[in-house]
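Colleague: Next comes the structure file input33.pdb, holding PDB, C-alpha atoms.
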ATOM      1  CA  MET X   1      -5.924  -5.526  78.654
ATOM      2  CA  GLY X   2      -3.447  -6.935  76.100
ATOM      3  CA  GLU X   3      -4.411  -7.856  72.622
ATOM      4  CA  SER X   4      -5.608 -11.447  72.277
ATOM      5  CA  HIS X   5      -3.458 -11.974  69.258
ATOM      6  CA  VAL X   6      -0.448 -10.375  67.633
ATOM      7  CA  LYS X   7      -0.788  -8.394  64.446
ATOM      8  CA  THR X   8       1.411  -9.347  61.539
ATOM      9  CA  GLN X   9       3.416  -6.843  59.589
ATOM     10  CA  GLU X  10       0.736  -6.787  56.918
ATOM     11  CA  GLY X  11      -1.891  -5.852  59.466
ATOM     12  CA  ARG X  12      -3.519  -9.291  59.617
ATOM     13  CA  SER X  13      -3.881 -11.197  62.849
ATOM     14  CA  ALA X  14      -1.477 -14.104  63.252
ATOM     15  CA  ASP X  15      -4.248 -16.621  63.686
ATOM     16  CA  THR X  16      -5.982 -15.552  60.497
ATOM     17  CA  PRO X  17      -4.971 -17.894  57.643
ATOM     18  CA  SER X  18      -3.376 -16.018  54.791
ATOM     19  CA  PRO X  19      -4.736 -16.615  51.317
ATOM     20  CA  GLN X  20      -2.675 -19.183  49.425
ATOM     21  CA  VAL X  21      -2.337 -20.009  45.779
ATOM     22  CA  ASP X  22      -4.387 -23.060  44.939
ATOM     23  CA  GLU X  23      -1.602 -25.364  43.837
ATOM     24  CA  ALA X  24      -4.123 -27.993  42.770
ATOM     25  CA  SER X  25      -5.859 -25.749  40.242
ATOM     26  CA  PRO X  26      -3.674 -26.706  37.221
ATOM     27  CA  ALA X  27      -4.192 -30.381  38.059
ATOM     28  CA  ALA X  28      -7.905 -29.783  38.483
ATOM     29  CA  GLU X  29      -8.058 -28.051  35.131
ATOM     30  CA  ARG X  30      -6.218 -30.936  33.475
ATOM     31  CA  LYS X  31      -8.568 -33.403  35.122
ATOM     32  CA  SER X  32     -11.569 -31.415  33.924
ATOM     33  CA  THR X  33     -10.163 -31.276  30.392
ATOM     34  CA  LEU X  34      -9.536 -35.025  30.374
ATOM     35  CA  ALA X  35     -13.058 -35.646  31.667
ATOM     36  CA  LYS X  36     -14.514 -33.559  28.865
ATOM     37  CA  LEU X  37     -12.348 -35.404  26.324
ATOM     38  CA  ARG X  38     -13.462 -38.781  27.663
ATOM     39  CA  ALA X  39     -17.083 -37.674  27.436
ATOM     40  CA  LEU X  40     -16.521 -36.562  23.849
ATOM     41  CA  ARG X  41     -14.928 -39.899  22.960
ATOM     42  CA  SER X  42     -17.543 -42.030  24.700
ATOM     43  CA  PRO X  43     -20.161 -43.810  22.568
ATOM     44  CA  ARG X  44     -23.326 -41.765  22.216
ATOM     45  CA  ARG X  45     -26.647 -42.147  20.485
ATOM     46  CA  PRO X  46     -26.419 -40.873  16.875
ATOM     47  CA  ARG X  47     -28.989 -38.352  15.675
ATOM     48  CA  LEU X  48     -30.628 -39.161  12.355
ATOM     49  CA  TRP X  49     -30.881 -35.619  10.985
ATOM     50  CA  PHE X  50     -27.263 -34.901  11.854
ATOM     51  CA  GLU X  51     -25.997 -38.115  10.242
ATOM     52  CA  ILE X  52     -27.914 -37.505   7.012
ATOM     53  CA  LEU X  53     -26.561 -33.971   6.821
ATOM     54  CA  LEU X  54     -23.025 -35.055   7.706
ATOM     55  CA  ILE X  55     -22.912 -37.827   5.107
ATOM     56  CA  ALA X  56     -24.401 -35.611   2.391
ATOM     57  CA  VAL X  57     -21.995 -32.738   3.062
ATOM     58  CA  SER X  58     -19.012 -35.060   3.423
ATOM     59  CA  TYR X  59     -19.689 -36.813   0.117
ATOM     60  CA  TRP X  60     -20.206 -33.462  -1.591
ATOM     61  CA  LEU X  61     -16.848 -32.249  -0.266
ATOM     62  CA  TYR X  62     -15.175 -35.523  -1.253
ATOM     63  CA  SER X  63     -16.493 -35.253  -4.822
ATOM     64  CA  LEU X  64     -15.561 -31.579  -4.975
ATOM     65  CA  VAL X  65     -11.988 -32.141  -3.821
ATOM     66  CA  ARG X  66     -11.486 -35.309  -5.882
ATOM     67  CA  ASN X  67     -12.664 -33.638  -9.056
ATOM     68  CA  ALA X  68     -10.757 -30.451  -8.251
ATOM     69  CA  VAL X  69      -7.470 -32.369  -8.359
ATOM     70  CA  PRO X  70      -5.812 -31.386 -11.644
ATOM     71  CA  GLU X  71      -6.184 -34.027 -14.333
ATOM     72  CA  GLN X  72      -2.476 -34.492 -14.886
ATOM     73  CA  LYS X  73      -2.928 -36.663 -17.939
ATOM     74  CA  ALA X  74       0.740 -37.054 -18.889
ATOM     75  CA  ALA X  75       1.777 -37.988 -15.356
ATOM     76  CA  ALA X  76      -1.242 -40.270 -14.953
ATOM     77  CA  LEU X  77      -0.455 -42.178 -18.142
ATOM     78  CA  SER X  78       3.219 -42.411 -17.218
ATOM     79  CA  ASN X  79       2.319 -43.782 -13.787
ATOM     80  CA  ALA X  80      -0.023 -46.319 -15.391
ATOM     81  CA  ASP X  81       2.804 -47.563 -17.592
ATOM     82  CA  TRP X  82       5.026 -47.875 -14.527
ATOM     83  CA  ILE X  83       2.364 -49.784 -12.535
ATOM     84  CA  TRP X  84       1.835 -52.133 -15.480
ATOM     85  CA  SER X  85       5.579 -52.765 -15.784
ATOM     86  CA  VAL X  86       5.852 -53.501 -12.063
ATOM     87  CA  GLU X  87       3.021 -56.008 -12.242
ATOM     88  CA  LYS X  88       4.666 -57.657 -15.244
ATOM     89  CA  SER X  89       7.947 -57.927 -13.383
ATOM     90  CA  LEU X  90       6.072 -59.625 -10.527
ATOM     91  CA  GLY X  91       4.370 -61.997 -12.957
ATOM     92  CA  LEU X  92       0.972 -60.696 -11.791
ATOM     93  CA  ALA X  93      -0.179 -58.601 -14.748
ATOM     94  CA  PHE X  94      -3.448 -60.508 -15.159
ATOM     95  CA  GLU X  95      -5.866 -57.579 -15.593
ATOM     96  CA  GLU X  96      -5.930 -57.717 -19.397
ATOM     97  CA  SER X  97      -6.688 -61.444 -19.483
ATOM     98  CA  VAL X  98      -9.514 -61.070 -16.958
ATOM     99  CA  ASN X  99     -10.892 -58.071 -18.842
ATOM    100  CA  HIS X 100     -11.078 -59.952 -22.152
ATOM    101  CA  ALA X 101     -12.326 -63.206 -20.645
ATOM    102  CA  VAL X 102     -15.227 -61.641 -18.745
ATOM    103  CA  ASN X 103     -16.113 -59.340 -21.649
ATOM    104  CA  SER X 104     -16.710 -62.409 -23.816
ATOM    105  CA  VAL X 105     -19.733 -63.244 -21.632
ATOM    106  CA  THR X 106     -22.106 -60.376 -22.354
ATOM    107  CA  TRP X 107     -24.598 -60.881 -19.517
ATOM    108  CA  LEU X 108     -21.760 -61.182 -17.010
ATOM    109  CA  ILE X 109     -19.849 -58.072 -18.023
ATOM    110  CA  VAL X 110     -23.042 -56.011 -18.277
ATOM    111  CA  SER X 111     -23.933 -57.129 -14.749
ATOM    112  CA  MET X 112     -20.479 -56.128 -13.568
ATOM    113  CA  ASN X 113     -20.832 -52.709 -15.179
ATOM    114  CA  TYR X 114     -24.003 -52.088 -13.179
ATOM    115  CA  TYR X 115     -22.368 -53.572 -10.072
ATOM    116  CA  TYR X 116     -19.494 -51.090 -10.416
ATOM    117  CA  ALA X 117     -21.846 -48.153 -10.926
ATOM    118  CA  THR X 118     -24.326 -48.822  -8.113
ATOM    119  CA  LEU X 119     -23.358 -51.213  -5.317
ATOM    120  CA  HIS X 120     -20.457 -49.002  -4.275
ATOM    121  CA  PHE X 121     -23.028 -46.562  -2.889
ATOM    122  CA  VAL X 122     -26.011 -48.803  -2.146
ATOM    123  CA  ILE X 123     -24.245 -51.305   0.102
ATOM    124  CA  THR X 124     -22.143 -48.696   1.906
ATOM    125  CA  ILE X 125     -25.238 -46.660   2.762
ATOM    126  CA  GLY X 126     -27.060 -49.864   3.714
ATOM    127  CA  VAL X 127     -24.334 -50.828   6.181
ATOM    128  CA  LEU X 128     -24.386 -47.337   7.696
ATOM    129  CA  ILE X 129     -28.165 -47.588   8.182
ATOM    130  CA  TRP X 130     -27.810 -51.050   9.720
ATOM    131  CA  LEU X 131     -25.164 -49.761  12.147
ATOM    132  CA  PHE X 132     -27.317 -46.754  13.017
ATOM    133  CA  ARG X 133     -30.337 -48.912  13.843
ATOM    134  CA  ARG X 134     -28.772 -52.041  15.343
ATOM    135  CA  HIS X 135     -25.384 -50.919  16.683
ATOM    136  CA  PRO X 136     -25.710 -47.277  17.743
ATOM    137  CA  GLY X 137     -22.857 -47.544  20.245
ATOM    138  CA  ARG X 138     -20.469 -48.599  17.466
ATOM    139  CA  TYR X 139     -21.845 -46.381  14.724
ATOM    140  CA  ALA X 140     -19.674 -43.289  15.298
ATOM    141  CA  ALA X 141     -16.425 -45.259  15.493
ATOM    142  CA  ALA X 142     -17.239 -47.253  12.343
ATOM    143  CA  ARG X 143     -18.279 -44.074  10.541
ATOM    144  CA  LEU X 144     -14.978 -42.446  11.539
ATOM    145  CA  VAL X 145     -13.116 -45.366   9.933
ATOM    146  CA  LEU X 146     -14.970 -44.776   6.668
ATOM    147  CA  PHE X 147     -14.493 -41.000   6.713
ATOM    148  CA  ALA X 148     -10.777 -41.162   7.588
ATOM    149  CA  THR X 149     -10.243 -43.773   4.874
ATOM    150  CA  THR X 150     -11.892 -41.553   2.269
ATOM    151  CA  ALA X 151     -10.031 -38.430   3.399
ATOM    152  CA  PHE X 152      -6.686 -40.228   3.141
ATOM    153  CA  ALA X 153      -7.590 -41.394  -0.364
ATOM    154  CA  LEU X 154      -7.888 -37.768  -1.485
ATOM    155  CA  LEU X 155      -4.210 -37.326  -0.685
ATOM    156  CA  GLY X 156      -3.417 -40.237  -2.986
ATOM    157  CA  TYR X 157      -5.435 -38.725  -5.832
ATOM    158  CA  TYR X 158      -3.495 -35.488  -5.504
ATOM    159  CA  LEU X 159      -0.005 -36.937  -5.080
ATOM    160  CA  TYR X 160      -0.239 -39.854  -7.496
ATOM    161  CA  PRO X 161      -2.456 -39.282 -10.543
ATOM    162  CA  LEU X 162      -3.067 -42.599 -12.270
ATOM    163  CA  ALA X 163      -4.904 -43.548 -15.429
ATOM    164  CA  PRO X 164      -7.077 -46.667 -15.242
ATOM    165  CA  PRO X 165      -6.132 -49.556 -17.560
ATOM    166  CA  ARG X 166      -8.918 -48.704 -20.034
ATOM    167  CA  LEU X 167      -7.263 -45.315 -20.723
ATOM    168  CA  MET X 168      -3.679 -46.527 -21.135
ATOM    169  CA  ASN X 169      -1.842 -45.481 -24.280
ATOM    170  CA  GLY X 170      -1.384 -48.455 -26.567
ATOM    171  CA  GLY X 171      -3.158 -50.727 -24.119
ATOM    172  CA  ASN X 172      -5.293 -53.617 -25.249
ATOM    173  CA  PHE X 173      -7.925 -53.148 -22.560
ATOM    174  CA  ILE X 174     -11.648 -52.941 -23.319
ATOM    175  CA  ASP X 175     -13.711 -50.099 -21.878
ATOM    176  CA  THR X 176     -16.698 -52.286 -21.102
ATOM    177  CA  VAL X 177     -19.050 -49.400 -20.320
ATOM    178  CA  MET X 178     -18.353 -47.749 -23.660
ATOM    179  CA  LEU X 179     -18.613 -51.035 -25.550
ATOM    180  CA  HIS X 180     -21.896 -52.197 -24.023
ATOM    181  CA  GLN X 181     -23.367 -48.726 -23.458
ATOM    182  CA  THR X 182     -24.452 -49.518 -19.925
ATOM    183  CA  TRP X 183     -25.900 -46.828 -17.705
ATOM    184  CA  GLY X 184     -24.646 -45.123 -14.609
ATOM    185  CA  SER X 185     -20.870 -45.339 -14.441
ATOM    186  CA  MET X 186     -19.064 -42.090 -13.660
ATOM    187  CA  ALA X 187     -15.895 -43.634 -15.034
ATOM    188  CA  SER X 188     -16.753 -43.497 -18.715
ATOM    189  CA  GLY X 189     -19.614 -42.963 -21.126
ATOM    190  CA  ASN X 190     -21.812 -39.879 -20.987
ATOM    191  CA  LEU X 191     -20.952 -39.099 -17.354
ATOM    192  CA  LYS X 192     -17.165 -39.252 -17.653
ATOM    193  CA  ASN X 193     -16.775 -35.476 -17.715
ATOM    194  CA  MET X 194     -18.312 -35.267 -14.231
ATOM    195  CA  SER X 195     -15.515 -37.287 -12.619
ATOM    196  CA  ASN X 196     -11.732 -37.082 -12.567
ATOM    197  CA  GLN X 197     -10.636 -39.837 -14.926
ATOM    198  CA  TYR X 198      -7.076 -39.918 -13.612
ATOM    199  CA  ALA X 199      -7.745 -40.647  -9.938
ATOM    200  CA  ALA X 200      -7.525 -44.440  -9.922
ATOM    201  CA  MET X 201      -5.057 -44.796  -7.026
ATOM    202  CA  PRO X 202      -6.238 -45.761  -4.448
ATOM    203  CA  SER X 203      -9.426 -47.661  -5.261
ATOM    204  CA  MET X 204     -12.230 -46.559  -2.966
ATOM    205  CA  HIS X 205     -14.396 -49.309  -4.436
ATOM    206  CA  ILE X 206     -12.054 -51.619  -2.532
ATOM    207  CA  GLY X 207     -11.660 -49.348   0.479
ATOM    208  CA  TRP X 208     -15.402 -48.986   0.990
ATOM    209  CA  SER X 209     -16.322 -52.578   0.115
ATOM    210  CA  LEU X 210     -13.682 -53.954   2.489
ATOM    211  CA  TRP X 211     -14.996 -51.643   5.231
ATOM    212  CA  CYS X 212     -18.492 -53.023   4.593
ATOM    213  CA  GLY X 213     -17.274 -56.606   4.528
ATOM    214  CA  LEU X 214     -15.224 -56.396   7.714
ATOM    215  CA  THR X 215     -17.999 -54.562   9.542
ATOM    216  CA  ILE X 216     -20.581 -57.183   8.581
ATOM    217  CA  PHE X 217     -18.213 -60.048   9.400
ATOM    218  CA  ALA X 218     -17.393 -58.601  12.831
ATOM    219  CA  LEU X 219     -20.914 -57.672  13.905
ATOM    220  CA  ALA X 220     -23.445 -59.849  12.073
ATOM    221  CA  SER X 221     -24.811 -62.818  14.017
ATOM    222  CA  ALA X 222     -26.001 -64.920  11.063
ATOM    223  CA  PRO X 223     -23.225 -67.063   9.554
ATOM    224  CA  TRP X 224     -24.535 -66.533   6.005
ATOM    225  CA  ALA X 225     -24.340 -62.762   6.474
ATOM    226  CA  ARG X 226     -20.757 -62.967   7.694
ATOM    227  CA  ILE X 227     -19.800 -65.075   4.675
ATOM    228  CA  LEU X 228     -21.465 -62.608   2.304
ATOM    229  CA  GLY X 229     -19.597 -59.833   4.070
ATOM    230  CA  LEU X 230     -16.270 -61.413   3.160
ATOM    231  CA  LEU X 231     -17.375 -62.264  -0.385
ATOM    232  CA  TYR X 232     -18.404 -58.672  -1.163
ATOM    233  CA  PRO X 233     -14.899 -57.100  -1.307
ATOM    234  CA  ALA X 234     -13.585 -60.184  -3.120
ATOM    235  CA  ALA X 235     -16.292 -59.815  -5.786
ATOM    236  CA  THR X 236     -15.563 -56.086  -5.993
ATOM    237  CA  LEU X 237     -11.907 -56.806  -6.744
ATOM    238  CA  VAL X 238     -12.940 -59.020  -9.658
ATOM    239  CA  VAL X 239     -15.311 -56.323 -10.932
ATOM    240  CA  ILE X 240     -12.834 -53.425 -10.864
ATOM    241  CA  VAL X 241     -10.294 -55.533 -12.745
ATOM    242  CA  ALA X 242     -12.741 -57.055 -15.248
ATOM    243  CA  THR X 243     -14.164 -53.653 -16.186
ATOM    244  CA  ALA X 244     -10.623 -52.241 -16.643
ATOM    245  CA  ASN X 245     -11.253 -49.488 -14.122
ATOM    246  CA  HIS X 246      -8.364 -50.398 -11.813
ATOM    247  CA  PHE X 247      -5.118 -52.294 -11.513
ATOM    248  CA  TRP X 248      -4.976 -54.748  -8.650
ATOM    249  CA  LEU X 249      -2.331 -52.528  -7.060
ATOM    250  CA  ASP X 250      -5.004 -49.826  -6.796
ATOM    251  CA  ALA X 251      -6.812 -52.263  -4.510
ATOM    252  CA  VAL X 252      -3.707 -52.482  -2.340
ATOM    253  CA  GLY X 253      -3.799 -48.705  -2.089
ATOM    254  CA  GLY X 254      -7.433 -48.872  -0.976
ATOM    255  CA  MET X 255      -6.518 -51.391   1.718
ATOM    256  CA  ALA X 256      -3.753 -49.116   2.973
ATOM    257  CA  CYS X 257      -6.229 -46.240   3.241
ATOM    258  CA  LEU X 258      -8.616 -48.455   5.204
ATOM    259  CA  ALA X 259      -5.822 -49.429   7.596
ATOM    260  CA  PHE X 260      -5.208 -45.724   8.173
ATOM    261  CA  GLY X 261      -8.928 -45.229   8.841
ATOM    262  CA  TYR X 262      -8.966 -47.971  11.466
ATOM    263  CA  ALA X 263      -5.843 -46.495  13.089
ATOM    264  CA  VAL X 264      -7.500 -43.078  13.387
ATOM    265  CA  SER X 265     -10.663 -44.560  14.896
ATOM    266  CA  TYR X 266      -8.664 -46.692  17.336
ATOM    267  CA  ALA X 267      -6.574 -43.695  18.402
ATOM    268  CA  TRP X 268      -9.718 -41.677  19.138
ATOM    269  CA  TYR X 269     -11.962 -44.298  20.758
ATOM    270  CA  GLY X 270      -9.289 -46.549  22.273
ATOM    271  CA  ALA X 271     -10.785 -49.641  20.682
ATOM    272  CA  LEU X 272     -11.896 -51.032  17.346
ATOM    273  CA  PRO X 273     -15.586 -50.434  16.539
ATOM    274  CA  ASN X 274     -16.584 -54.051  17.193
ATOM    275  CA  ARG X 275     -15.050 -53.862  20.685
ATOM    276  CA  LEU X 276     -17.233 -50.926  21.699
ATOM    277  CA  PRO X 277     -20.668 -51.509  23.290
ATOM    278  CA  LYS X 278     -23.500 -52.309  20.944
ATOM    279  CA  LEU X 279     -25.917 -49.945  22.684
ATOM    280  CA  VAL X 280     -25.592 -46.654  24.529
ATOM    281  CA  PRO X 281     -27.293 -45.856  27.838
ATOM    282  CA  SER X 282     -30.763 -44.358  27.642
ATOM    283  CA  GLY X 283     -31.109 -40.769  28.733
ATOM    284  CA  GLY X 284     -27.979 -39.590  26.932
ATOM    285  CA  GLY X 285     -25.470 -41.117  29.353
ATOM    286  CA  HIS X 286     -21.988 -42.099  28.258
ATOM    287  CA  LEU X 287     -20.007 -45.256  28.778
ATOM    288  CA  THR X 288     -16.389 -44.909  29.799
ATOM    289  CA  GLY X 289     -13.405 -47.048  30.691
ATOM    290  CA  LEU X 290     -13.447 -50.806  30.337
ATOM    291  CA  THR X 291     -17.244 -50.866  30.124
ATOM    292  CA  ALA X 292     -17.092 -48.857  26.925
ATOM    293  CA  ARG X 293     -14.656 -51.287  25.391
ATOM    294  CA  ALA X 294     -16.445 -54.487  26.258
ATOM    295  CA  PRO X 295     -18.671 -56.105  23.641
ATOM    296  CA  ALA X 296     -22.379 -55.939  24.476
ATOM    297  CA  ARG X 297     -22.577 -59.710  24.900
ATOM    298  CA  ASP X 298     -20.038 -59.440  27.765
ATOM    299  CA  ARG X 299     -22.154 -56.927  29.693
ATOM    300  CA  ARG X 300     -25.121 -58.935  30.924
ATOM    301  CA  PRO X 301     -27.038 -57.950  34.085
ATOM    302  CA  VAL X 302     -26.168 -59.997  37.166
ATOM    303  CA  PRO X 303     -29.219 -62.089  38.215
ATOM    304  CA  GLU X 304     -30.611 -61.546  41.685
ATOM    305  CA  PRO X 305     -30.176 -64.400  44.204
ATOM    306  CA  SER X 306     -33.148 -66.717  44.462
ATOM    307  CA  GLY X 307     -35.629 -65.630  47.095
ATOM    308  CA  HIS X 308     -34.484 -62.004  47.008
ATOM    309  CA  ARG X 309     -37.341 -59.591  46.517
TER
END
What's the structure tokens form of this structure?

Modeller:
Amino acid sequence: MGESHVKTQEGRSADTPSPQVDEASPAAERKSTLAKLRALRSPRRPRLWFEILLIAVSYWLYSLVRNAVPEQKAAALSNADWIWSVEKSLGLAFEESVNHAVNSVTWLIVSMNYYYATLHFVITIGVLIWLFRRHPGRYAAARLVLFATTAFALLGYYLYPLAPPRLMNGGNFIDTVMLHQTWGSMASGNLKNMSNQYAAMPSMHIGWSLWCGLTIFALASAPWARILGLLYPAATLVVIVATANHFWLDAVGGMACLAFGYAVSYAWYGALPNRLPKLVPSGGGHLTGLTARAPARDRRPVPEPSGHR
């Protein structure tokens, strides 16, 4: 009786399929990697303990790096002279006039000194808490904007040391904290040795306040809150100039850093924070694709037809 099938040269029967290389495996691996990346980038519910730890460690590192930048006094003073000359050539060297005018009103300049020393932190933390509680789906993207903005600012402190107007050689600016002996500013007075005095460019008072203002304007529902959101960075600009802590060009630097922060967040999440969903699914699920990019108000449940039970 003949064999029912012919043996191949390798000793395998002809009708037995030979093992083949899985040509789809590289594609499958890429697909799996992309799926993991999408899951990582999808909005998720923030964890309180992690956020507190992250913000505390990040600010500690920011302060450490900022104050570790060498205080290049000669270069900082030279750069301040150059900034001042540029503003004069533009006809926009108004800082000295604002500084003297506001300083003539004691209650106003004292209020601005305390504004400069405290609101920078209080309002920024307040906005983060508000996002955490009311907009958890947008929190991580908005926080990334703030962190990337601050990280980029550190590069500016290192590459371009700059003295604030109040420390310029031969300048006629008034150090309002020193004059009125107000409490709390790290820029001058008893606490000046704890902070790098020659890291004025860019202004993170502007970078952070503009982040707060734009976030509130984009996400708040009350018109009065949105207006206050826009007024906050505008008031901060007046304060940093009136107290002689910054040139207005430092504010431009802060805006550039914020633009970089938004670019980083957009590149990672594929949308601006306000275009991400307000909430995240319960149970730890993730939103992906167009659903993740749609504002919460555009994702309403479809009502059942009448009579359907």

Colleague: Give me the result of the PyMOL selection byres ((chain X and resi 130-143) around 8) on this file, residue by residue, as JSON, numbers by chain.

Modeller: {"X": [43, 44, 45, 46, 126, 127, 128, 129, 144, 145, 146, 147, 215, 265, 269, 272, 273, 274, 276, 277, 278, 279, 280]}

Colleague: So what does the PyMOL selection byres ((chain X and resi 173) around 7) actually pick up in this one, as a list in words?

Modeller: Glu96, Asn99, Pro165, Arg166, Gly171, Asn172, Ile174, Asp175 and Ala244 of chain X

Colleague: Enter the distance from CA of Met204 (chain X) to CA of Gly254 (chain X), in Å, rounded to one decimal.

Modeller: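 Atom-to-atom, CA of Met204 (chain X) and CA of Gly254 (chain X) are spaced 5.7 Å apart.
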
Colleague: Report the distance between CA of Asn245 (chain X) and CA of Ala199 (chain X) in Å, rounded to one decimal place.

Modeller: 10.4 Å

Colleague: I need the output of the PyMOL selection byres ((chain X and resi 160) around 9) for this file as a VMD selection string; which residues are they?

Modeller: chain X and resid 75 to 76 79 155 to 159 161 to 162 199 to 202

Colleague: What is the distance between CA of Ala153 (chain X) and CA of Val65 (chain X), in Å to one decimal?

Modeller: 10.8 Å

Colleague: Which neighbours of Phe260 (chain X) fall inside 9 Å, counting all atoms listed in the file, when residues of the same chain fewer than 4 positions from it are skipped, and could you give them as an MDAnalysis selection string?

Modeller: chainID X and resid 145 148:149 152 255:256 264:265

Colleague: Quick one: of X:Trp49, X:Tyr59, X:Trp84, X:Tyr114, who's nearest to Thr243 (chain X), counting all atoms listed in the file?

Modeller: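 Smallest distance to Thr243 (chain X) is found for X:Tyr114.
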
Colleague: For Thr176 (chain X), which residue among X:Ala271, X:Ile55, X:Val241, X:Leu154 is the nearest when counting all atoms listed in the file?

Modeller: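 Closest to Thr176 (chain X), using all atoms listed in the file: X:Val241.
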
Colleague: Identify which of the residues X:Val105, X:Ala267, X:Gln72, X:Ile123 lies closest to Gln197 (chain X), counting all atoms listed in the file when measuring atom-to-atom distances.

Modeller: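 Closest to Gln197 (chain X) of all the choices is X:Gln72.
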
Colleague: Rank nothing, just name the residue among X:Ile109, X:Leu167, X:Cys212, X:Val57 nearest to Ala74 (chain X), using only C-alpha atoms.

Modeller: X:Leu167
